[in-house]
Structures are given as C-alpha cells and as structure tokens.
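Okay, structure first, notes after.
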Amino acid sequence: MKLRHQEYHVEITGNGPPLLLLHGFTGSSATWELLKSRVQSDYTVYRIDLLGHGRTAAAPYQRMRLTEQVKDLRTLLATRDEDWSVLGYSMGGRIALLLAATSKQVKQTIAVSTTPGIRSAHERRLRRQTDRRLANRLLTDGLTDFIDYWESLPLFASQRHLPAEVKESIRRGRLAQSPEGLAASLIAQGTGNMAPVWHLLDRSSIDWIVGTEDSKFKKIAVEAALPEKIHLIEGASHAPHIDQPEKFVTIVEKLLLIN
C-alpha cells in the first residue's frame with residue numbers, strides 16, 4: 001500500500017470497524033498474529049510494517065521522522081469514513097499516542113508499555129545521542145551482535161524463561177530485519193526525537209496495558225493515565241503480549257468490546 005508516495009507492507013483481514021495494530025522496534029506485522037486471529041471476526045484488522053521494519057523499507061532520514069510516519073498513518077485512517085481503534089506497543093505505542101493527539105478519527109487508543117514522550121529537552125538530547133551510538137554499533141558490528149545486545153537488556157529479561165520455540169521464533173523475526181532500516185529508525189524515530197504529548201491526550205479515551213514487572217513503564221502509565229484505565233498483567237515485563245499472550249489478548253478483547 002502506498003501512503004504519501006511511500007510504499008508500506010500492510011495486511012488487512014477481517015470484517016467490521018477498523019483496528020490498527022502498531023508493532024515495536026525490531027518488530028513487524030507478524031507480532032500481532034494471535035491478536036489478529038482472535039478479533040478479526042469483529043474488526044477489520046490493519047497490521048502494518050512501520051518504516052524500516054519488516055517488509056517496509058527505510059526512507060531518507062527526514063522522511064523517516066515520527067511526524068512523517070504519523071502523517072502517513074493519518075492518510076491510512078482517511079481511507080475509511082469510520083472512527084478507528086489503534087493499539088500500539090512501545091515504539092508503536094508512541095506513534096499511537098501521536099495519532100491520538102493529532103487525528104479526530106482515533107476514537108480509542110490502547111497504549112502498551114509506552115510513553116507520551118520525554119519532557120526534558122536535555123534528556124531528549126541525551127537519548128538522541130544514545131540512539132545514534134546504538135545505530136552506529138548496529139551498522140559497524142552487524143545485526144547479530146546488535147540483537148544479542150538487545151535481547152540482553154533488562155527490559156526483556158523475562159523472555160529468557162519463555163519456551164525455546166517461542167524464543168527462537170522471536171529471534172528469527174528480529175534477525176530478519178534490515179540493519180539499515182533499524183539504524184534509520186533508531187536515529188529518526190527514537191524517543192529523543194518525539195515531541196512530548198502528555199498535555200494533548202484525552203485520558204478518557206486511552207487505555208494502558210503494562211506488565212507488573214515493568215517498573216519504568218508502569219510508573220509512566222500511573223502518571224499518564226486515569227487509574228481505571230490502567231490494566232496490569234501479572235508475570236509480564238516490557239512485552240506483555242509475548243510474556244503472557246493469552247492474558248494480553250483477553251484484556252484487549254474486553255477493551256474493544258467495551259468501546
């Protein structure tokens with residue numbers, strides 16, 4: 001699918017009102033296979049590979065910026081007259097929040113393990129520097145080295161206890177990514193390049209899902225959300241849809257039914 005002259009890989013299945021699913025960094029549309037299979041009888045599910053991920057190629061730096069990514073997705077929303085539900089995880093969650101802040105077509109947002117942005121300009125600058133160093137490491141030392149590093153982060157420690165076949169599947173998906181695409185995403189779409197949108201969000205229309213073991217993003221959710229809009233998943237860390245897939249999908253099904 002072409003959005004504002006940029007080619008995207010988009011998978012569309014199901015029937016009903018539109019639901020857009022946005023994956024995280026190193027992810028792809030395949031992230032949402034279980035969720036798609038469970039909700040496509042009631043929703044038209046749009047699974048997209050974001051810029052530089054999966055089967056969507058990277059673009060020049062200025063075209064990769066979050067503001068441009070969000071404009072592309074608003075173009076996708078405009079292909080239908082209805083209001084949309086949008087679910088995003090981590091990087092995709094930040095994009096979902098930016099969409100919620102800028103598009104009247106978004107009626108419901110489900111934000112998973114994410115943030116409305118870094119408030120401090122100084123901390124955003126430091127984050128940009130860190131992400132650029134990571135991008136340089138990725139391009140210099142290669143994708144396997146980077147994925148080894150990425151999987152060793154404390155955020156993903158809980159995934160070490162997953163069944164071997166699940167871990168292997170996740171790793172295959174990460175190693176199938178384009179190093180150039182991931183590096184471009186780090187530089188152009190990292191949290192340091194996101195204008196904070198805390199003050200622009202309608203908290204009544206946003207549900208937050210976070211793992212109980214993800215202390216950083218649990219704290220963010222408590223600050224950003226209405227108490228009744230926070231949905232905690234026991235036994236999960238930063239990737240609750242991977243750590244506890246059945247619990248995650250059940251919560252999402254209930255949220256979509258409610259709205």
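In the structure tokens, the first chain shown is A, the next is B, and so on; residue numbers restart at 1 for each chain, and ligands run from 1 in the order shown.
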Report the closest atom pair, with its distance in Å rounded to one decimal, for each residue of stretch 89-195 of chain A that has an atom no farther than 8 Å from stretch 68-74 of chain A; count only C-alpha atoms, sort by chain and then rising residue number, and write it as a tab-separated table.
residue	atom	partner	partner_atom	distance
A:Ile95	CA	A:Val70	CA	6.7
A:Leu98	CA	A:Val70	CA	7.0
A:Leu99	CA	A:Val70	CA	6.2
A:Ser103	CA	A:Arg74	CA	6.9
Checklist entry - Contacts of A:Thr115 at 12 Å or less, counting only C-alpha atoms, minus same-chain residues fewer than 6 places along, as number ranges by chain? => result A: 88-98, 190-192, 194-198, 201, 208-210, 216-225
Could you save those same residues with C-alpha atoms as a tab-separated table (two decimals), in the first residue's frame?
chain	number	residue	atom	x	y	z
A	88	GLY	CA	0.50	0.23	19.71
A	89	TYR	CA	3.35	-1.36	21.59
A	90	SER	CA	6.47	0.53	22.77
A	91	MET	CA	7.64	2.48	19.69
A	92	GLY	CA	4.29	1.71	18.07
A	93	GLY	CA	2.61	2.92	21.25
A	94	ARG	CA	4.34	6.27	20.97
A	95	ILE	CA	3.12	6.52	17.40
A	96	ALA	CA	-0.38	5.55	18.53
A	97	LEU	CA	-0.33	8.36	21.11
A	98	LEU	CA	0.84	10.84	18.49
A	190	GLY	CA	13.66	7.18	18.85
A	191	THR	CA	12.03	8.64	21.94
A	192	GLY	CA	14.50	11.53	21.86
A	194	MET	CA	9.43	12.64	19.84
A	195	ALA	CA	7.82	15.89	20.94
A	196	PRO	CA	6.11	15.04	24.26
A	197	VAL	CA	2.30	14.93	24.01
A	198	TRP	CA	1.31	14.49	27.66
A	201	LEU	CA	-4.02	13.46	25.33
A	208	TRP	CA	-2.81	1.49	29.11
A	209	ILE	CA	-1.54	-2.09	29.31
A	210	VAL	CA	1.68	-2.75	31.21
A	216	LYS	CA	9.72	2.06	34.38
A	217	PHE	CA	6.66	1.95	32.14
A	218	LYS	CA	4.29	1.11	34.97
A	219	LYS	CA	5.37	4.39	36.58
A	220	ILE	CA	4.76	6.25	33.32
A	221	ALA	CA	1.29	4.74	32.98
A	222	VAL	CA	0.37	5.73	36.54
A	223	GLU	CA	1.38	9.32	35.76
A	224	ALA	CA	-0.25	9.48	32.33
A	225	ALA	CA	-3.49	7.55	32.76
Per DSSP on the backbone, what are the strand (DSSP E) residues of stretch 42-188 of chain A, as a PDB file with N, CA, C and O atoms, in the first residue's frame?
ATOM      1  N   THR A  44     -12.081  -5.120  11.257  1.00  0.00           N
ATOM      2  CA  THR A  44     -11.159  -5.169  10.131  1.00  0.00           C
ATOM      3  C   THR A  44      -9.792  -4.779  10.673  1.00  0.00           C
ATOM      4  O   THR A  44      -9.585  -3.650  11.111  1.00  0.00           O
ATOM      5  N   VAL A  45      -8.878  -5.734  10.682  1.00  0.00           N
ATOM      6  CA  VAL A  45      -7.585  -5.549  11.333  1.00  0.00           C
ATOM      7  C   VAL A  45      -6.538  -5.124  10.301  1.00  0.00           C
ATOM      8  O   VAL A  45      -6.321  -5.810   9.299  1.00  0.00           O
ATOM      9  N   TYR A  46      -5.910  -4.004  10.576  1.00  0.00           N
ATOM     10  CA  TYR A  46      -4.831  -3.492   9.741  1.00  0.00           C
ATOM     11  C   TYR A  46      -3.516  -3.695  10.493  1.00  0.00           C
ATOM     12  O   TYR A  46      -3.288  -3.091  11.542  1.00  0.00           O
ATOM     13  N   ARG A  47      -2.665  -4.559   9.940  1.00  0.00           N
ATOM     14  CA  ARG A  47      -1.335  -4.772  10.519  1.00  0.00           C
ATOM     15  C   ARG A  47      -0.314  -4.204   9.538  1.00  0.00           C
ATOM     16  O   ARG A  47      -0.247  -4.620   8.383  1.00  0.00           O
ATOM     17  N   ILE A  48       0.494  -3.282  10.010  1.00  0.00           N
ATOM     18  CA  ILE A  48       1.404  -2.563   9.134  1.00  0.00           C
ATOM     19  C   ILE A  48       2.837  -2.751   9.601  1.00  0.00           C
ATOM     20  O   ILE A  48       3.111  -2.817  10.802  1.00  0.00           O
ATOM     21  N   TRP A  84     -11.532   4.991  14.203  1.00  0.00           N
ATOM     22  CA  TRP A  84     -10.616   3.871  14.333  1.00  0.00           C
ATOM     23  C   TRP A  84     -10.288   3.590  15.795  1.00  0.00           C
ATOM     24  O   TRP A  84     -10.269   4.494  16.628  1.00  0.00           O
ATOM     25  N   SER A  85      -9.981   2.331  16.076  1.00  0.00           N
ATOM     26  CA  SER A  85      -9.284   1.941  17.292  1.00  0.00           C
ATOM     27  C   SER A  85      -7.837   1.685  16.908  1.00  0.00           C
ATOM     28  O   SER A  85      -7.562   1.114  15.840  1.00  0.00           O
ATOM     29  N   VAL A  86      -6.916   2.128  17.756  1.00  0.00           N
ATOM     30  CA  VAL A  86      -5.482   1.973  17.470  1.00  0.00           C
ATOM     31  C   VAL A  86      -4.805   1.371  18.688  1.00  0.00           C
ATOM     32  O   VAL A  86      -4.963   1.863  19.807  1.00  0.00           O
ATOM     33  N   LEU A  87      -4.046   0.302  18.466  1.00  0.00           N
ATOM     34  CA  LEU A  87      -3.243  -0.321  19.523  1.00  0.00           C
ATOM     35  C   LEU A  87      -1.784  -0.266  19.101  1.00  0.00           C
ATOM     36  O   LEU A  87      -1.444  -0.638  17.971  1.00  0.00           O
ATOM     37  N   GLY A  88      -0.923   0.178  20.017  1.00  0.00           N
ATOM     38  CA  GLY A  88       0.499   0.233  19.706  1.00  0.00           C
ATOM     39  C   GLY A  88       1.340  -0.183  20.886  1.00  0.00           C
ATOM     40  O   GLY A  88       1.010   0.120  22.038  1.00  0.00           O
ATOM     41  N   TYR A  89       2.432  -0.864  20.572  1.00  0.00           N
ATOM     42  CA  TYR A  89       3.352  -1.362  21.595  1.00  0.00           C
ATOM     43  C   TYR A  89       4.685  -0.621  21.521  1.00  0.00           C
ATOM     44  O   TYR A  89       5.281  -0.505  20.438  1.00  0.00           O
ATOM     45  N   VAL A 106      -9.332   8.889  15.496  1.00  0.00           N
ATOM     46  CA  VAL A 106      -8.976   7.905  16.507  1.00  0.00           C
ATOM     47  C   VAL A 106      -9.936   8.056  17.680  1.00  0.00           C
ATOM     48  O   VAL A 106      -9.908   9.045  18.401  1.00  0.00           O
ATOM     49  N   LYS A 107     -10.792   7.057  17.880  1.00  0.00           N
ATOM     50  CA  LYS A 107     -11.771   7.128  18.969  1.00  0.00           C
ATOM     51  C   LYS A 107     -11.285   6.391  20.209  1.00  0.00           C
ATOM     52  O   LYS A 107     -11.730   6.661  21.318  1.00  0.00           O
ATOM     53  N   GLN A 108     -10.375   5.429  20.023  1.00  0.00           N
ATOM     54  CA  GLN A 108      -9.906   4.593  21.126  1.00  0.00           C
ATOM     55  C   GLN A 108      -8.447   4.261  20.894  1.00  0.00           C
ATOM     56  O   GLN A 108      -8.045   3.869  19.794  1.00  0.00           O
ATOM     57  N   THR A 109      -7.642   4.422  21.947  1.00  0.00           N
ATOM     58  CA  THR A 109      -6.222   4.091  21.872  1.00  0.00           C
ATOM     59  C   THR A 109      -5.889   3.109  22.980  1.00  0.00           C
ATOM     60  O   THR A 109      -6.277   3.300  24.133  1.00  0.00           O
ATOM     61  N   ILE A 110      -5.167   2.055  22.629  1.00  0.00           N
ATOM     62  CA  ILE A 110      -4.642   1.108  23.607  1.00  0.00           C
ATOM     63  C   ILE A 110      -3.126   1.201  23.541  1.00  0.00           C
ATOM     64  O   ILE A 110      -2.508   0.827  22.537  1.00  0.00           O
ATOM     65  N   ALA A 111      -2.546   1.747  24.589  1.00  0.00           N
ATOM     66  CA  ALA A 111      -1.109   2.019  24.634  1.00  0.00           C
ATOM     67  C   ALA A 111      -0.439   0.947  25.492  1.00  0.00           C
ATOM     68  O   ALA A 111      -0.772   0.791  26.666  1.00  0.00           O
ATOM     69  N   VAL A 112       0.500   0.223  24.908  1.00  0.00           N
ATOM     70  CA  VAL A 112       1.131  -0.912  25.576  1.00  0.00           C
ATOM     71  C   VAL A 112       2.605  -0.593  25.849  1.00  0.00           C
ATOM     72  O   VAL A 112       3.370  -0.329  24.911  1.00  0.00           O
TER      73      VAL A 112
END
Item to check | Backbone DSSP call of helix (DSSP H, G or I) for stretch 69-214 of chain A, listed as JSON, numbers by chain | outcome: {"A": [69, 70, 71, 72, 73, 74, 75, 76, 77, 91, 92, 93, 94, 95, 96, 97, 98, 99, 100, 101, 102, 121, 122, 123, 124, 125, 126, 127, 128, 129, 130, 131, 132, 133, 134, 135, 136, 137, 138, 139, 140, 141, 143, 144, 145, 146, 147, 148, 149, 150, 151, 154, 155, 156, 157, 158, 159, 160, 161, 164, 165, 166, 167, 168, 169, 170, 171, 172, 173, 174, 175, 179, 180, 181, 182, 183, 184, 185, 186, 187, 188, 189, 191, 192, 193, 198, 199, 200, 203, 204, 205]}
Item to check | Distance query stretch 239-245 of chain A at most 7 Å, only C-alpha atoms, self and fewer than 6 positions along chain excluded, as a ChimeraX atom specification | outcome: /A:159,210-211,233
Checklist entry - Looking at A:Asn193, A:Gln40, A:Ser152, A:Ser237, which one is nearest to A:Leu19, with distances taken over only C-alpha atoms? => result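 The shortest atom-to-atom distance to A:Leu19 comes from A:Gln40.
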Next on the checklist: Just to confirm, what's the straight-line distance from atom CA of A:Ser41 to atom CA of A:Glu11 in Å (one decimal)?
Outcome noted: 15.2 Å
Checklist entry - So, counting only C-alpha atoms, which residue among A:Leu20, A:Val166, A:Ile187, A:Lys247 is closest to A:Arg63? => result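 Among A:Leu20, A:Val166, A:Ile187, A:Lys247, it is A:Ile187 that comes nearest to A:Arg63.
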Next on the checklist: Using only C-alpha atoms for the distances, tell me which of A:Asp83, A:Asp131, A:Asp141, A:Glu213 is nearest to A:Ala157.
Outcome noted: A:Glu213
Checklist outcome for this item: Expressed in Å, the length from atom CA of A:Gly235 to atom CA of A:Ile251 is 14.4 Å
Next on the checklist: List the spatial neighbours of stretch 28-32 of chain A as a list of chain:residue names - criterion: any atom at most 9 Å away, only C-alpha atoms, same-chain residues fewer than 5 positions off excluded.
Outcome noted: A:His9, A:Val10, A:Glu11, A:Leu21, A:Leu22, A:His23, A:Ser37, A:Tyr46, A:Arg47, A:Ile48, A:Asp49, A:Leu50, A:His53, A:Gly54, A:Arg55, A:Ile170, A:Gly173, A:Arg174, A:Gln177, A:His241, A:Ile242
Save the residues we just selected, N, CA and C atoms, as a PDB file, in the first residue's frame?
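Writing the result to selection37.pdb gives the following:
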ATOM      1  N   HIS A   9       4.166  -2.205   3.657  1.00  0.00           N
ATOM      2  CA  HIS A   9       3.547  -3.534   3.702  1.00  0.00           C
ATOM      3  C   HIS A   9       2.417  -3.483   4.730  1.00  0.00           C
ATOM      4  N   VAL A  10       1.195  -3.732   4.279  1.00  0.00           N
ATOM      5  CA  VAL A  10       0.014  -3.703   5.137  1.00  0.00           C
ATOM      6  C   VAL A  10      -0.788  -4.971   4.910  1.00  0.00           C
ATOM      7  N   GLU A  11      -1.165  -5.645   6.001  1.00  0.00           N
ATOM      8  CA  GLU A  11      -2.024  -6.818   5.906  1.00  0.00           C
ATOM      9  C   GLU A  11      -3.387  -6.457   6.485  1.00  0.00           C
ATOM     10  N   LEU A  21      -2.990  -1.943  14.230  1.00  0.00           N
ATOM     11  CA  LEU A  21      -2.030  -2.518  15.168  1.00  0.00           C
ATOM     12  C   LEU A  21      -0.621  -2.068  14.791  1.00  0.00           C
ATOM     13  N   LEU A  22       0.100  -1.490  15.757  1.00  0.00           N
ATOM     14  CA  LEU A  22       1.424  -0.926  15.518  1.00  0.00           C
ATOM     15  C   LEU A  22       2.458  -1.638  16.394  1.00  0.00           C
ATOM     16  N   HIS A  23       3.421  -2.273  15.770  1.00  0.00           N
ATOM     17  CA  HIS A  23       4.440  -3.056  16.474  1.00  0.00           C
ATOM     18  C   HIS A  23       5.519  -2.152  17.081  1.00  0.00           C
ATOM     19  N   SER A  37      -6.003 -13.073  14.938  1.00  0.00           N
ATOM     20  CA  SER A  37      -6.862 -14.242  14.767  1.00  0.00           C
ATOM     21  C   SER A  37      -8.058 -14.217  15.714  1.00  0.00           C
ATOM     22  N   TYR A  46      -5.910  -4.004  10.576  1.00  0.00           N
ATOM     23  CA  TYR A  46      -4.831  -3.492   9.741  1.00  0.00           C
ATOM     24  C   TYR A  46      -3.516  -3.695  10.493  1.00  0.00           C
ATOM     25  N   ARG A  47      -2.665  -4.559   9.940  1.00  0.00           N
ATOM     26  CA  ARG A  47      -1.335  -4.772  10.519  1.00  0.00           C
ATOM     27  C   ARG A  47      -0.314  -4.204   9.538  1.00  0.00           C
ATOM     28  N   ILE A  48       0.494  -3.282  10.010  1.00  0.00           N
ATOM     29  CA  ILE A  48       1.404  -2.563   9.134  1.00  0.00           C
ATOM     30  C   ILE A  48       2.837  -2.751   9.601  1.00  0.00           C
ATOM     31  N   ASP A  49       3.751  -2.885   8.648  1.00  0.00           N
ATOM     32  CA  ASP A  49       5.178  -2.818   8.952  1.00  0.00           C
ATOM     33  C   ASP A  49       5.577  -1.343   8.904  1.00  0.00           C
ATOM     34  N   LEU A  50       5.981  -0.804  10.043  1.00  0.00           N
ATOM     35  CA  LEU A  50       6.361   0.600  10.109  1.00  0.00           C
ATOM     36  C   LEU A  50       7.668   0.842   9.357  1.00  0.00           C
ATOM     37  N   HIS A  53      11.051  -1.408   9.011  1.00  0.00           N
ATOM     38  CA  HIS A  53      10.789  -2.680   9.683  1.00  0.00           C
ATOM     39  C   HIS A  53      10.085  -3.652   8.738  1.00  0.00           C
ATOM     40  N   GLY A  54      10.358  -4.946   8.967  1.00  0.00           N
ATOM     41  CA  GLY A  54       9.668  -5.969   8.192  1.00  0.00           C
ATOM     42  C   GLY A  54       9.866  -5.768   6.704  1.00  0.00           C
ATOM     43  N   ARG A  55       8.763  -5.740   5.982  1.00  0.00           N
ATOM     44  CA  ARG A  55       8.820  -5.589   4.531  1.00  0.00           C
ATOM     45  C   ARG A  55       8.577  -4.157   4.067  1.00  0.00           C
ATOM     46  N   ILE A 170      10.898 -15.518  18.033  1.00  0.00           N
ATOM     47  CA  ILE A 170      11.106 -14.084  18.234  1.00  0.00           C
ATOM     48  C   ILE A 170      12.457 -13.664  17.666  1.00  0.00           C
ATOM     49  N   GLY A 173      12.544 -13.472  13.906  1.00  0.00           N
ATOM     50  CA  GLY A 173      11.907 -12.254  13.421  1.00  0.00           C
ATOM     51  C   GLY A 173      12.825 -11.052  13.541  1.00  0.00           C
ATOM     52  N   ARG A 174      13.548 -10.964  14.653  1.00  0.00           N
ATOM     53  CA  ARG A 174      14.473  -9.836  14.836  1.00  0.00           C
ATOM     54  C   ARG A 174      15.627  -9.901  13.839  1.00  0.00           C
ATOM     55  N   GLN A 177      15.258  -8.591  10.190  1.00  0.00           N
ATOM     56  CA  GLN A 177      15.148  -7.161   9.940  1.00  0.00           C
ATOM     57  C   GLN A 177      16.333  -6.657   9.104  1.00  0.00           C
ATOM     58  N   HIS A 241       2.539  -8.850  25.619  1.00  0.00           N
ATOM     59  CA  HIS A 241       1.912  -9.649  24.571  1.00  0.00           C
ATOM     60  C   HIS A 241       2.739 -10.892  24.239  1.00  0.00           C
ATOM     61  N   ILE A 242       4.008 -10.884  24.629  1.00  0.00           N
ATOM     62  CA  ILE A 242       4.882 -12.040  24.437  1.00  0.00           C
ATOM     63  C   ILE A 242       4.989 -12.858  25.724  1.00  0.00           C
TER      64      ILE A 242
END
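Computed from the coordinates, the atom CA of A:Leu200 to atom CA of A:Ala100 distance equals 8.7 Å.
Residues within 8 Å of A:Gln189, counting only C-alpha atoms and excluding same-chain residues fewer than 5 positions away, are Met64, Arg65, Leu66, Ala184 and Met194 of chain A.
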Checklist entry - From the list A:Arg171, A:Leu255, A:Leu34, A:Gly181, which residue is nearest A:Ile206 when using only C-alpha atoms? => result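 Checking each candidate against A:Ile206, we get A:Leu255 as the closest.
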Next on the checklist: I'd like the neighbourhood of A:Arg38 as a list in words, where a residue qualifies if any of its atoms comes within 9 Å (using only C-alpha atoms), though same-chain residues fewer than 5 positions away should be ignored.
Outcome noted: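 My list of contacting residues is Glu33, Val249 and Glu253 of chain A.
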Next on the checklist: Restricting the calculation to only C-alpha atoms: of A:Arg124, A:His231, A:His238, A:Arg172, which residue gets closest to A:Thr250?
Outcome noted: A:His231
Next on the checklist: I'd like the contact shell of A:Leu143 - 7 Å cut-off, only C-alpha atoms, skipping same-chain residues fewer than 5 positions apart - returned as a ChimeraX atom specification.
Outcome noted: /A:138,175,179
Item to check | Selected residue of minimal separation from A:Thr144 among A:Ala176, A:Arg132, A:Ala188, A:Ile230, counting only C-alpha atoms | outcome: A:Ala176
